[in-house]
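Structure data (mmCIF, C-alpha atoms) from coords.cif:
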```cif
data_upload
#
loop_
_atom_site.group_PDB
_atom_site.id
_atom_site.type_symbol
_atom_site.label_atom_id
_atom_site.label_comp_id
_atom_site.auth_asym_id
_atom_site.auth_seq_id
_atom_site.Cartn_x
_atom_site.Cartn_y
_atom_site.Cartn_z
ATOM 1 C CA MET P 1 -4.004 38.379 -40.092
ATOM 2 C CA LYS P 2 -3.446 35.072 -38.305
ATOM 3 C CA LEU P 3 -1.451 32.309 -39.930
ATOM 4 C CA VAL P 4 -3.274 28.968 -39.766
ATOM 5 C CA ALA P 5 -0.981 26.763 -41.883
ATOM 6 C CA ASP P 6 2.732 26.718 -42.698
ATOM 7 C CA TYR P 7 3.521 24.525 -45.692
ATOM 8 C CA HIS P 8 7.231 25.332 -45.956
ATOM 9 C CA THR P 9 9.382 23.936 -43.131
ATOM 10 C CA HIS P 10 12.595 21.927 -43.181
ATOM 11 C CA THR P 11 14.046 19.310 -40.839
ATOM 12 C CA ILE P 12 17.237 17.340 -40.320
ATOM 13 C CA TYR P 13 16.240 15.248 -43.344
ATOM 14 C CA SER P 14 17.400 18.126 -45.566
ATOM 15 C CA ARG P 15 20.948 16.838 -45.285
ATOM 16 C CA GLY P 16 22.464 16.243 -48.718
ATOM 17 C CA HIS P 17 24.247 13.301 -50.271
ATOM 18 C CA LEU P 18 27.948 14.097 -50.136
ATOM 19 C CA PRO P 19 30.354 12.841 -47.445
ATOM 20 C CA PHE P 20 31.015 16.395 -46.242
ATOM 21 C CA SER P 21 27.369 17.489 -46.315
ATOM 22 C CA THR P 22 26.019 18.947 -43.100
ATOM 23 C CA ARG P 23 22.420 19.104 -42.009
ATOM 24 C CA HIS P 24 20.878 22.093 -43.732
ATOM 25 C CA ALA P 25 18.137 22.420 -41.107
ATOM 26 C CA LYS P 26 18.337 21.872 -37.372
ATOM 27 C CA GLY P 27 15.060 20.452 -36.047
ATOM 28 C CA THR P 28 13.363 17.077 -36.072
ATOM 29 C CA ILE P 29 9.875 16.563 -37.485
ATOM 30 C CA GLU P 30 8.437 16.367 -33.964
ATOM 31 C CA GLU P 31 10.196 19.573 -32.906
ATOM 32 C CA ASN P 32 8.642 21.395 -35.880
ATOM 33 C CA VAL P 33 5.234 19.965 -35.015
ATOM 34 C CA LEU P 34 5.500 21.064 -31.386
ATOM 35 C CA ALA P 35 6.543 24.555 -32.478
ATOM 36 C CA ALA P 36 3.517 24.734 -34.777
ATOM 37 C CA ILE P 37 1.177 23.651 -31.961
ATOM 38 C CA GLU P 38 2.673 26.263 -29.639
ATOM 39 C CA LYS P 39 1.971 28.954 -32.244
ATOM 40 C CA GLY P 40 -1.621 27.844 -32.720
ATOM 41 C CA LEU P 41 -1.339 26.538 -36.269
ATOM 42 C CA LYS P 42 -3.973 24.149 -37.579
ATOM 43 C CA THR P 43 -1.684 22.597 -40.217
ATOM 44 C CA ILE P 44 2.052 22.149 -40.631
ATOM 45 C CA GLY P 45 3.769 20.841 -43.731
ATOM 46 C CA ILE P 46 7.156 19.159 -43.554
ATOM 47 C CA SER P 47 8.750 20.010 -46.891
ATOM 48 C CA ASP P 48 12.383 18.995 -47.012
ATOM 49 C CA HIS P 49 14.464 19.747 -50.093
ATOM 50 C CA GLY P 50 14.169 17.550 -53.170
ATOM 51 C CA TYR P 51 16.530 14.624 -53.525
ATOM 52 C CA LYS P 52 18.452 15.952 -56.529
ATOM 53 C CA HIS P 53 20.162 18.622 -54.480
ATOM 54 C CA PHE P 54 23.627 17.383 -53.540
ATOM 55 C CA LEU P 55 24.251 19.667 -50.574
ATOM 56 C CA PHE P 56 20.926 19.669 -48.750
ATOM 57 C CA GLY P 57 18.392 17.468 -50.501
ATOM 58 C CA MET P 58 16.574 14.672 -48.725
ATOM 59 C CA ARG P 59 17.773 11.175 -49.487
ATOM 60 C CA LYS P 60 15.491 8.802 -51.367
ATOM 61 C CA SER P 61 16.245 6.175 -48.769
ATOM 62 C CA ASP P 62 14.689 8.423 -46.091
ATOM 63 C CA ILE P 63 11.350 9.035 -47.814
ATOM 64 C CA ARG P 64 9.455 6.058 -46.389
ATOM 65 C CA LYS P 65 10.907 6.774 -42.945
ATOM 66 C CA ILE P 66 9.700 10.386 -43.141
ATOM 67 C CA ARG P 67 6.239 9.148 -44.152
ATOM 68 C CA ARG P 68 6.102 6.839 -41.131
ATOM 69 C CA GLU P 69 7.193 9.610 -38.782
ATOM 70 C CA ILE P 70 4.554 11.990 -40.089
ATOM 71 C CA ASP P 71 1.838 9.343 -39.797
ATOM 72 C CA ALA P 72 2.940 8.805 -36.201
ATOM 73 C CA MET P 73 2.799 12.557 -35.523
ATOM 74 C CA ASN P 74 -0.813 12.710 -36.714
ATOM 75 C CA LYS P 75 -1.741 9.983 -34.225
ATOM 76 C CA LYS P 76 0.255 11.499 -31.379
ATOM 77 C CA TYR P 77 -0.914 15.104 -31.891
ATOM 78 C CA PRO P 78 -4.528 15.022 -33.133
ATOM 79 C CA GLU P 79 -4.898 18.758 -32.457
ATOM 80 C CA ILE P 80 -2.870 19.574 -35.586
ATOM 81 C CA GLU P 81 -2.761 18.270 -39.157
ATOM 82 C CA VAL P 82 0.753 17.209 -40.169
ATOM 83 C CA LEU P 83 1.364 16.890 -43.912
ATOM 84 C CA MET P 84 4.271 15.382 -45.812
ATOM 85 C CA GLY P 85 5.427 17.737 -48.503
ATOM 86 C CA ILE P 86 8.625 18.313 -50.416
ATOM 87 C CA GLU P 87 10.350 21.350 -51.864
ATOM 88 C CA CYS P 88 11.367 19.967 -55.221
ATOM 89 C CA ASN P 89 14.063 21.567 -57.341
ATOM 90 C CA VAL P 90 13.196 23.046 -60.733
ATOM 91 C CA LEU P 91 16.019 21.407 -62.638
ATOM 92 C CA ASP P 92 15.975 22.777 -66.183
ATOM 93 C CA GLU P 93 14.167 24.933 -68.745
ATOM 94 C CA TYR P 94 11.895 22.017 -69.616
ATOM 95 C CA GLY P 95 10.283 22.290 -66.184
ATOM 96 C CA THR P 96 11.695 19.015 -64.865
ATOM 97 C CA ILE P 97 11.492 18.585 -61.083
ATOM 98 C CA ASP P 98 12.899 15.868 -58.840
ATOM 99 C CA MET P 99 9.701 13.889 -58.446
ATOM 100 C CA ASN P 100 8.487 10.752 -60.216
ATOM 101 C CA GLU P 101 5.284 8.740 -60.455
ATOM 102 C CA GLU P 102 6.586 6.030 -58.146
ATOM 103 C CA LEU P 103 7.337 8.422 -55.285
ATOM 104 C CA ARG P 104 4.485 10.908 -55.719
ATOM 105 C CA PRO P 105 1.876 8.875 -53.720
ATOM 106 C CA MET P 106 4.108 9.142 -50.652
ATOM 107 C CA PHE P 107 3.610 12.906 -50.474
ATOM 108 C CA ASP P 108 0.556 14.931 -49.511
ATOM 109 C CA TYR P 109 1.695 17.847 -51.663
ATOM 110 C CA VAL P 110 4.601 19.053 -53.788
ATOM 111 C CA ASN P 111 6.119 22.517 -53.697
ATOM 112 C CA ALA P 112 8.819 23.466 -56.179
ATOM 113 C CA GLY P 113 11.405 26.219 -56.504
ATOM 114 C CA TYR P 114 14.709 27.019 -58.139
ATOM 115 C CA HIS P 115 17.889 26.472 -56.114
ATOM 116 C CA PHE P 116 21.606 26.640 -56.789
ATOM 117 C CA GLY P 117 23.376 23.330 -56.294
ATOM 118 C CA SER P 118 20.747 20.996 -57.712
ATOM 119 C CA GLU P 119 21.848 18.279 -60.082
ATOM 120 C CA THR P 120 22.833 19.374 -63.603
ATOM 121 C CA ILE P 121 20.836 16.782 -65.507
ATOM 122 C CA ASN P 122 21.313 18.109 -69.050
ATOM 123 C CA ALA P 123 22.600 21.048 -71.123
ATOM 124 C CA SER P 124 19.453 23.042 -70.340
ATOM 125 C CA ALA P 125 20.131 22.748 -66.621
ATOM 126 C CA ALA P 126 23.746 23.816 -67.121
ATOM 127 C CA LYS P 127 22.653 26.974 -68.962
ATOM 128 C CA LEU P 128 20.101 27.749 -66.265
ATOM 129 C CA HIS P 129 22.682 27.490 -63.471
ATOM 130 C CA LYS P 130 25.396 29.328 -65.391
ATOM 131 C CA GLY P 131 23.186 32.319 -66.134
ATOM 132 C CA ASN P 132 22.079 32.632 -62.523
ATOM 133 C CA LEU P 133 25.465 32.062 -60.945
ATOM 134 C CA LEU P 134 27.424 34.437 -63.179
ATOM 135 C CA LYS P 135 24.706 37.119 -63.329
ATOM 136 C CA ASN P 136 26.267 38.412 -66.544
ATOM 137 C CA ASN P 137 23.388 37.833 -68.944
ATOM 138 C CA GLY P 138 20.467 39.233 -66.984
ATOM 139 C CA GLN P 139 17.729 39.384 -69.608
ATOM 140 C CA GLU P 140 18.570 35.988 -71.077
ATOM 141 C CA ALA P 141 18.746 34.421 -67.620
ATOM 142 C CA MET P 142 15.405 35.944 -66.640
ATOM 143 C CA ILE P 143 13.775 34.454 -69.739
ATOM 144 C CA ARG P 144 15.237 31.032 -68.957
ATOM 145 C CA ASN P 145 14.093 31.185 -65.336
ATOM 146 C CA THR P 146 10.598 32.256 -66.323
ATOM 147 C CA VAL P 147 10.279 29.503 -68.913
ATOM 148 C CA ALA P 148 11.537 26.943 -66.387
ATOM 149 C CA LEU P 149 8.898 27.862 -63.780
ATOM 150 C CA VAL P 150 6.078 28.116 -66.322
ATOM 151 C CA ARG P 151 6.875 24.691 -67.784
ATOM 152 C CA ALA P 152 7.234 23.183 -64.303
ATOM 153 C CA MET P 153 3.711 24.313 -63.482
ATOM 154 C CA GLU P 154 2.363 23.032 -66.788
ATOM 155 C CA LYS P 155 3.982 19.595 -66.476
ATOM 156 C CA ASN P 156 3.743 18.772 -62.782
ATOM 157 C CA ASP P 157 1.224 18.529 -59.940
ATOM 158 C CA ILE P 158 2.510 21.447 -57.835
ATOM 159 C CA PHE P 159 0.820 23.001 -54.812
ATOM 160 C CA TYR P 160 2.842 26.195 -54.889
ATOM 161 C CA ILE P 161 6.052 27.733 -56.210
ATOM 162 C CA THR P 162 8.471 28.614 -53.422
ATOM 163 C CA HIS P 163 10.159 32.033 -53.353
ATOM 164 C CA PRO P 164 9.556 32.794 -57.073
ATOM 165 C CA GLY P 165 12.397 34.925 -58.421
ATOM 166 C CA ASP P 166 14.866 34.105 -55.654
ATOM 167 C CA LYS P 167 18.338 33.094 -56.884
ATOM 168 C CA GLY P 168 17.110 33.660 -60.438
ATOM 169 C CA GLU P 169 15.088 36.662 -61.619
ATOM 170 C CA VAL P 170 11.756 35.972 -63.350
ATOM 171 C CA ASP P 171 9.045 37.864 -65.169
ATOM 172 C CA ILE P 172 6.633 37.683 -62.247
ATOM 173 C CA LEU P 173 3.619 38.615 -64.369
ATOM 174 C CA GLU P 174 4.184 35.665 -66.718
ATOM 175 C CA VAL P 175 4.801 33.359 -63.773
ATOM 176 C CA ALA P 176 1.597 34.529 -62.091
ATOM 177 C CA LYS P 177 -0.421 34.046 -65.275
ATOM 178 C CA ALA P 178 0.838 30.464 -65.582
ATOM 179 C CA ALA P 179 0.143 29.849 -61.896
ATOM 180 C CA VAL P 180 -3.487 30.902 -62.267
ATOM 181 C CA GLU P 181 -3.930 28.912 -65.487
ATOM 182 C CA ASN P 182 -2.556 25.765 -63.860
ATOM 183 C CA GLY P 183 -4.066 26.098 -60.385
ATOM 184 C CA VAL P 184 -0.699 26.607 -58.690
ATOM 185 C CA GLY P 185 -0.037 28.961 -55.790
ATOM 186 C CA LEU P 186 2.805 31.426 -55.287
ATOM 187 C CA GLU P 187 4.684 31.848 -52.042
ATOM 188 C CA ILE P 188 5.388 35.036 -50.144
ATOM 189 C CA ASN P 189 8.476 33.740 -48.382
ATOM 190 C CA GLY P 190 9.156 34.630 -44.766
ATOM 191 C CA GLY P 191 12.904 34.538 -45.253
ATOM 192 C CA HIS P 192 13.750 35.450 -48.818
ATOM 193 C CA GLY P 193 10.843 37.863 -49.277
ATOM 194 C CA LYS P 194 11.277 37.852 -53.026
ATOM 195 C CA LEU P 195 7.677 38.693 -53.939
ATOM 196 C CA SER P 196 7.747 42.427 -53.315
ATOM 197 C CA VAL P 197 5.042 44.983 -52.598
ATOM 198 C CA ASP P 198 5.218 46.108 -56.231
ATOM 199 C CA ASP P 199 5.032 42.493 -57.453
ATOM 200 C CA LEU P 200 1.847 41.877 -55.470
ATOM 201 C CA LYS P 201 0.263 45.067 -56.775
ATOM 202 C CA LEU P 202 1.198 44.051 -60.324
ATOM 203 C CA ILE P 203 -0.316 40.575 -60.191
ATOM 204 C CA GLU P 204 -3.320 41.209 -57.935
ATOM 205 C CA TYR P 205 -5.753 41.567 -60.848
ATOM 206 C CA LEU P 206 -5.014 37.972 -61.888
ATOM 207 C CA LYS P 207 -6.265 36.771 -58.473
ATOM 208 C CA PRO P 208 -3.483 34.237 -57.854
ATOM 209 C CA ASP P 209 -3.544 31.928 -54.837
ATOM 210 C CA LEU P 210 -0.892 33.252 -52.447
ATOM 211 C CA TYR P 211 0.653 31.487 -49.456
ATOM 212 C CA LEU P 212 2.778 32.817 -46.636
ATOM 213 C CA GLY P 213 5.639 30.411 -45.913
ATOM 214 C CA SER P 214 8.205 30.555 -43.133
ATOM 215 C CA ASP P 215 10.865 28.494 -44.943
ATOM 216 C CA ALA P 216 11.848 27.507 -41.409
ATOM 217 C CA HIS P 217 15.211 25.779 -41.022
ATOM 218 C CA ARG P 218 14.901 25.512 -37.235
ATOM 219 C CA PRO P 219 11.847 24.846 -35.091
ATOM 220 C CA GLN P 220 11.814 28.342 -33.609
ATOM 221 C CA ALA P 221 11.167 29.793 -37.076
ATOM 222 C CA VAL P 222 8.100 27.672 -37.828
ATOM 223 C CA GLY P 223 5.180 30.021 -38.471
ATOM 224 C CA ASN P 224 7.445 33.089 -38.576
ATOM 225 C CA VAL P 225 5.977 34.997 -41.521
ATOM 226 C CA GLN P 226 6.075 38.547 -40.183
ATOM 227 C CA LYS P 227 8.163 39.754 -43.121
ATOM 228 C CA GLY P 228 5.677 38.293 -45.580
ATOM 229 C CA MET P 229 2.729 39.730 -43.650
ATOM 230 C CA SER P 230 4.365 43.150 -43.768
ATOM 231 C CA ILE P 231 4.704 42.906 -47.546
ATOM 232 C CA VAL P 232 1.049 41.901 -47.879
ATOM 233 C CA THR P 233 -0.101 44.757 -45.640
ATOM 234 C CA LYS P 234 1.965 47.380 -47.460
ATOM 235 C CA SER P 235 0.753 46.166 -50.862
ATOM 236 C CA GLY P 236 -2.898 46.669 -49.932
ATOM 237 C CA ILE P 237 -3.988 43.600 -51.918
ATOM 238 C CA ASP P 238 -7.221 41.739 -51.257
ATOM 239 C CA LEU P 239 -6.445 39.553 -48.229
ATOM 240 C CA SER P 240 -8.725 36.799 -49.543
ATOM 241 C CA LEU P 241 -5.940 35.979 -52.020
ATOM 242 C CA VAL P 242 -3.740 34.760 -49.148
ATOM 243 C CA LYS P 243 -5.049 31.258 -48.555
ATOM 244 C CA ASN P 244 -3.419 30.282 -45.284
ATOM 245 C CA ILE P 245 -4.517 33.136 -43.041
ATOM 246 C CA GLU P 246 -7.642 34.011 -41.126
#
```

Would you mind writing the file out in structure tokens?
Amino acid sequence: MKLVADYHTHTIYSRGHLPFSTRHAKGTIEENVLAAIEKGLKTIGISDHGYKHFLFGMRKSDIRKIRREIDAMNKKYPEIEVLMGIECNVLDEYGTIDMNEELRPMFDYVNAGYHFGSETINASAAKLHKGNLLKNNGQEAMIRNTVALVRAMEKNDIFYITHPGDKGEVDILEVAKAAVENGVGLEINGGHGKLSVDDLKLIEYLKPDLYLGSDAHRPQAVGNVQKGMSIVTKSGIDLSLVKNIE
């Protein structure tokens, strides 16, 4: 397997909104691009965290600046395709994500995943966070998390779900069914590795679109998907399901 595209990388624009927030990722857009070129990738996606995460979301005021930088990277480095993505937060059980119609044209694609620390926008969001943080109502929390991801895929234009099941357990079979029905991919994450060998075996018959993602928070980690590749190899699934390898 050779990785040809990494759609899940973060930069210094994942920096949060609070006065004490620190940069969640360490590299610039150009440093990520150069790392991707060095590793022979054909495509790199810059997908900083959605803007409704207080601690490490991008700032709305930075979005147009990010777009300009990525456009400049495509002119400067024609040997690689540089895409502007975002890793939106799944905010509640209704499937709300931090993306709106006004901003959507700025992005080449939208990924989405559940994270602790995103904005509590309503009572549904509060229940979602409480169940996952306290871990004292496992079955109920799993149902909430599953419903949240399924509805997010039904309501939004999403490229793929990042690290499904991380930070909040899900019924992966139901998530995979919804992904296939809505044309949404699922990520095998290079860091969190939440989609397991058994998960892949379980959902293979549905023929979901799968993507290896580095979830890089520093340039050196761009394209680092060895953990995900190991999971794929051990599972024995049809490699044609993994869409960003050759």

Can you turn the PyMOL selection byres ((chain P and resi 203) around 12) into a concrete residue list for this file, as a ChimeraX atom specification? /P:171-180,186,195-202,204-210,235,237-238,241

How would the residues just chosen look if you wrote them out with C-alpha atoms as an mmCIF file, keeping the file's coordinate frame?
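Final file, again-v4.cif:
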```
data_model
loop_
_atom_site.group_PDB
_atom_site.id
_atom_site.type_symbol
_atom_site.label_atom_id
_atom_site.label_comp_id
_atom_site.auth_asym_id
_atom_site.auth_seq_id
_atom_site.Cartn_x
_atom_site.Cartn_y
_atom_site.Cartn_z
ATOM 1 C CA ASP P 171 9.045 37.864 -65.169
ATOM 2 C CA ILE P 172 6.633 37.683 -62.247
ATOM 3 C CA LEU P 173 3.619 38.615 -64.369
ATOM 4 C CA GLU P 174 4.184 35.665 -66.718
ATOM 5 C CA VAL P 175 4.801 33.359 -63.773
ATOM 6 C CA ALA P 176 1.597 34.529 -62.091
ATOM 7 C CA LYS P 177 -0.421 34.046 -65.275
ATOM 8 C CA ALA P 178 0.838 30.464 -65.582
ATOM 9 C CA ALA P 179 0.143 29.849 -61.896
ATOM 10 C CA VAL P 180 -3.487 30.902 -62.267
ATOM 11 C CA LEU P 186 2.805 31.426 -55.287
ATOM 12 C CA LEU P 195 7.677 38.693 -53.939
ATOM 13 C CA SER P 196 7.747 42.427 -53.315
ATOM 14 C CA VAL P 197 5.042 44.983 -52.598
ATOM 15 C CA ASP P 198 5.218 46.108 -56.231
ATOM 16 C CA ASP P 199 5.032 42.493 -57.453
ATOM 17 C CA LEU P 200 1.847 41.877 -55.470
ATOM 18 C CA LYS P 201 0.263 45.067 -56.775
ATOM 19 C CA LEU P 202 1.198 44.051 -60.324
ATOM 20 C CA GLU P 204 -3.320 41.209 -57.935
ATOM 21 C CA TYR P 205 -5.753 41.567 -60.848
ATOM 22 C CA LEU P 206 -5.014 37.972 -61.888
ATOM 23 C CA LYS P 207 -6.265 36.771 -58.473
ATOM 24 C CA PRO P 208 -3.483 34.237 -57.854
ATOM 25 C CA ASP P 209 -3.544 31.928 -54.837
ATOM 26 C CA LEU P 210 -0.892 33.252 -52.447
ATOM 27 C CA SER P 235 0.753 46.166 -50.862
ATOM 28 C CA ILE P 237 -3.988 43.600 -51.918
ATOM 29 C CA ASP P 238 -7.221 41.739 -51.257
ATOM 30 C CA LEU P 241 -5.940 35.979 -52.020
#
```

Find the residues around Asn244 (chain P) up to 7 Å (all atoms listed in the file counted), leave out those fewer than 3 positions away in its own chain, and share them as an MDAnalysis selection string. chainID P and resid 3:5 211:212

Apply the PyMOL selection byres ((chain P and resi 27) around 8) to the structure shown and report the selected residues as a VMD selection string. chain P and resid 10 to 12 25 to 26 28 to 29 31 to 32 217 to 219

Long-range neighbours of region 106-108 of chain P as a VMD selection string, 9 Å cut-off, all atoms listed in the file, 2 positions minimum in chain: chain P and resid 45 63 to 64 67 83 to 86 102 to 104 110

Once the PyMOL selection byres ((chain P and resi 89-99) around 10) has been evaluated on this model, what residues remain selected, and can you format them as a ChimeraX atom specification? /P:49-53,57,86-88,100-104,110-129,143-158,161-162

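Considering the residues P:Asn132, P:Asn74, P:Glu181, P:Gly191 and counting only C-alpha atoms, Glu169 (chain P) has its shortest atom-to-atom contact with P:Asn132.
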
Quick one: residues within 6 Å of (5.5, 25.8, -45.7) (file frame), counting all atoms listed in the file, please, as a PDB file with C-alpha atoms, in the frame of the given file.
```
ATOM      1  CA  ASP P   6       2.732  26.718 -42.698  1.00  0.00           C
ATOM      2  CA  TYR P   7       3.521  24.525 -45.692  1.00  0.00           C
ATOM      3  CA  HIS P   8       7.231  25.332 -45.956  1.00  0.00           C
ATOM      4  CA  THR P   9       9.382  23.936 -43.131  1.00  0.00           C
ATOM      5  CA  GLY P  45       3.769  20.841 -43.731  1.00  0.00           C
ATOM      6  CA  GLY P 213       5.639  30.411 -45.913  1.00  0.00           C
TER       7      GLY P 213
END
```

Centre and edge lengths of an axis-aligned box around all listed atoms of region 226-238 of chain P, with 8 Å added on each side, are to be given in Å to one decimal, as JSON.
```
{"center_x": 0.5, "center_y": 42.8, "center_z": -46.1, "size_x": 31.4, "size_y": 25.1, "size_z": 27.7}
```

So how far away is CA of Asp166 (chain P) from CA of His192 (chain P), in Å?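 Spanning CA of His192 (chain P) to CA of Asp166 (chain P) is a straight-line distance of 7.1 Å.
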
Near Gly228 (chain P), within 6 Å and counting all atoms listed in the file, which residues show up once chain neighbours fewer than 2 positions away are dropped, as a tab-separated table (two decimals) with C-alpha atoms, in the frame of the given file?
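Contents of result-v1.tsv, as written:
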```
chain	number	residue	atom	x	y	z
P	188	ILE	CA	5.39	35.04	-50.14
P	190	GLY	CA	9.16	34.63	-44.77
P	225	VAL	CA	5.98	35.00	-41.52
P	226	GLN	CA	6.08	38.55	-40.18
P	230	SER	CA	4.36	43.15	-43.77
P	231	ILE	CA	4.70	42.91	-47.55
```

Can you fill out region 194-211 of chain P with N, CA and C atoms and hand it back as a PDB file, in the coordinates of the input?
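What ended up in selection_37.pdb:
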```
ATOM      1  N   LYS P 194      11.005  37.440 -51.651  1.00  0.00           N
ATOM      2  CA  LYS P 194      11.277  37.852 -53.026  1.00  0.00           C
ATOM      3  C   LYS P 194      10.070  38.467 -53.717  1.00  0.00           C
ATOM      4  N   LEU P 195       8.860  38.033 -53.383  1.00  0.00           N
ATOM      5  CA  LEU P 195       7.677  38.693 -53.939  1.00  0.00           C
ATOM      6  C   LEU P 195       7.520  40.029 -53.210  1.00  0.00           C
ATOM      7  N   SER P 196       7.724  41.112 -53.933  1.00  0.00           N
ATOM      8  CA  SER P 196       7.747  42.427 -53.315  1.00  0.00           C
ATOM      9  C   SER P 196       6.360  43.061 -53.282  1.00  0.00           C
ATOM     10  N   VAL P 197       6.275  44.208 -52.619  1.00  0.00           N
ATOM     11  CA  VAL P 197       5.042  44.983 -52.598  1.00  0.00           C
ATOM     12  C   VAL P 197       4.608  45.311 -54.026  1.00  0.00           C
ATOM     13  N   ASP P 198       5.546  45.761 -54.845  1.00  0.00           N
ATOM     14  CA  ASP P 198       5.218  46.108 -56.231  1.00  0.00           C
ATOM     15  C   ASP P 198       4.784  44.883 -57.028  1.00  0.00           C
ATOM     16  N   ASP P 199       5.425  43.728 -56.769  1.00  0.00           N
ATOM     17  CA  ASP P 199       5.032  42.493 -57.453  1.00  0.00           C
ATOM     18  C   ASP P 199       3.584  42.143 -57.138  1.00  0.00           C
ATOM     19  N   LEU P 200       3.219  42.223 -55.880  1.00  0.00           N
ATOM     20  CA  LEU P 200       1.847  41.877 -55.470  1.00  0.00           C
ATOM     21  C   LEU P 200       0.832  42.823 -56.090  1.00  0.00           C
ATOM     22  N   LYS P 201       1.157  44.106 -56.136  1.00  0.00           N
ATOM     23  CA  LYS P 201       0.263  45.067 -56.775  1.00  0.00           C
ATOM     24  C   LYS P 201       0.102  44.748 -58.257  1.00  0.00           C
ATOM     25  N   LEU P 202       1.203  44.334 -58.893  1.00  0.00           N
ATOM     26  CA  LEU P 202       1.198  44.051 -60.324  1.00  0.00           C
ATOM     27  C   LEU P 202       0.327  42.856 -60.676  1.00  0.00           C
ATOM     28  N   ILE P 203       0.369  41.823 -59.846  1.00  0.00           N
ATOM     29  CA  ILE P 203      -0.316  40.575 -60.191  1.00  0.00           C
ATOM     30  C   ILE P 203      -1.684  40.430 -59.538  1.00  0.00           C
ATOM     31  N   GLU P 204      -2.069  41.355 -58.690  1.00  0.00           N
ATOM     32  CA  GLU P 204      -3.320  41.209 -57.935  1.00  0.00           C
ATOM     33  C   GLU P 204      -4.525  40.978 -58.844  1.00  0.00           C
ATOM     34  N   TYR P 205      -4.571  41.667 -59.987  1.00  0.00           N
ATOM     35  CA  TYR P 205      -5.753  41.567 -60.848  1.00  0.00           C
ATOM     36  C   TYR P 205      -5.954  40.161 -61.395  1.00  0.00           C
ATOM     37  N   LEU P 206      -4.900  39.352 -61.410  1.00  0.00           N
ATOM     38  CA  LEU P 206      -5.014  37.972 -61.888  1.00  0.00           C
ATOM     39  C   LEU P 206      -5.666  37.060 -60.843  1.00  0.00           C
ATOM     40  N   LYS P 207      -5.711  37.528 -59.603  1.00  0.00           N
ATOM     41  CA  LYS P 207      -6.265  36.771 -58.473  1.00  0.00           C
ATOM     42  C   LYS P 207      -5.543  35.428 -58.264  1.00  0.00           C
ATOM     43  N   PRO P 208      -4.229  35.481 -58.120  1.00  0.00           N
ATOM     44  CA  PRO P 208      -3.483  34.237 -57.854  1.00  0.00           C
ATOM     45  C   PRO P 208      -3.708  33.767 -56.416  1.00  0.00           C
ATOM     46  N   ASP P 209      -3.552  32.462 -56.194  1.00  0.00           N
ATOM     47  CA  ASP P 209      -3.544  31.928 -54.837  1.00  0.00           C
ATOM     48  C   ASP P 209      -2.169  32.208 -54.236  1.00  0.00           C
ATOM     49  N   LEU P 210      -2.140  32.894 -53.105  1.00  0.00           N
ATOM     50  CA  LEU P 210      -0.892  33.252 -52.447  1.00  0.00           C
ATOM     51  C   LEU P 210      -0.795  32.543 -51.096  1.00  0.00           C
ATOM     52  N   TYR P 211       0.422  32.179 -50.722  1.00  0.00           N
ATOM     53  CA  TYR P 211       0.653  31.487 -49.456  1.00  0.00           C
ATOM     54  C   TYR P 211       1.836  32.113 -48.744  1.00  0.00           C
TER      55      TYR P 211
END
```
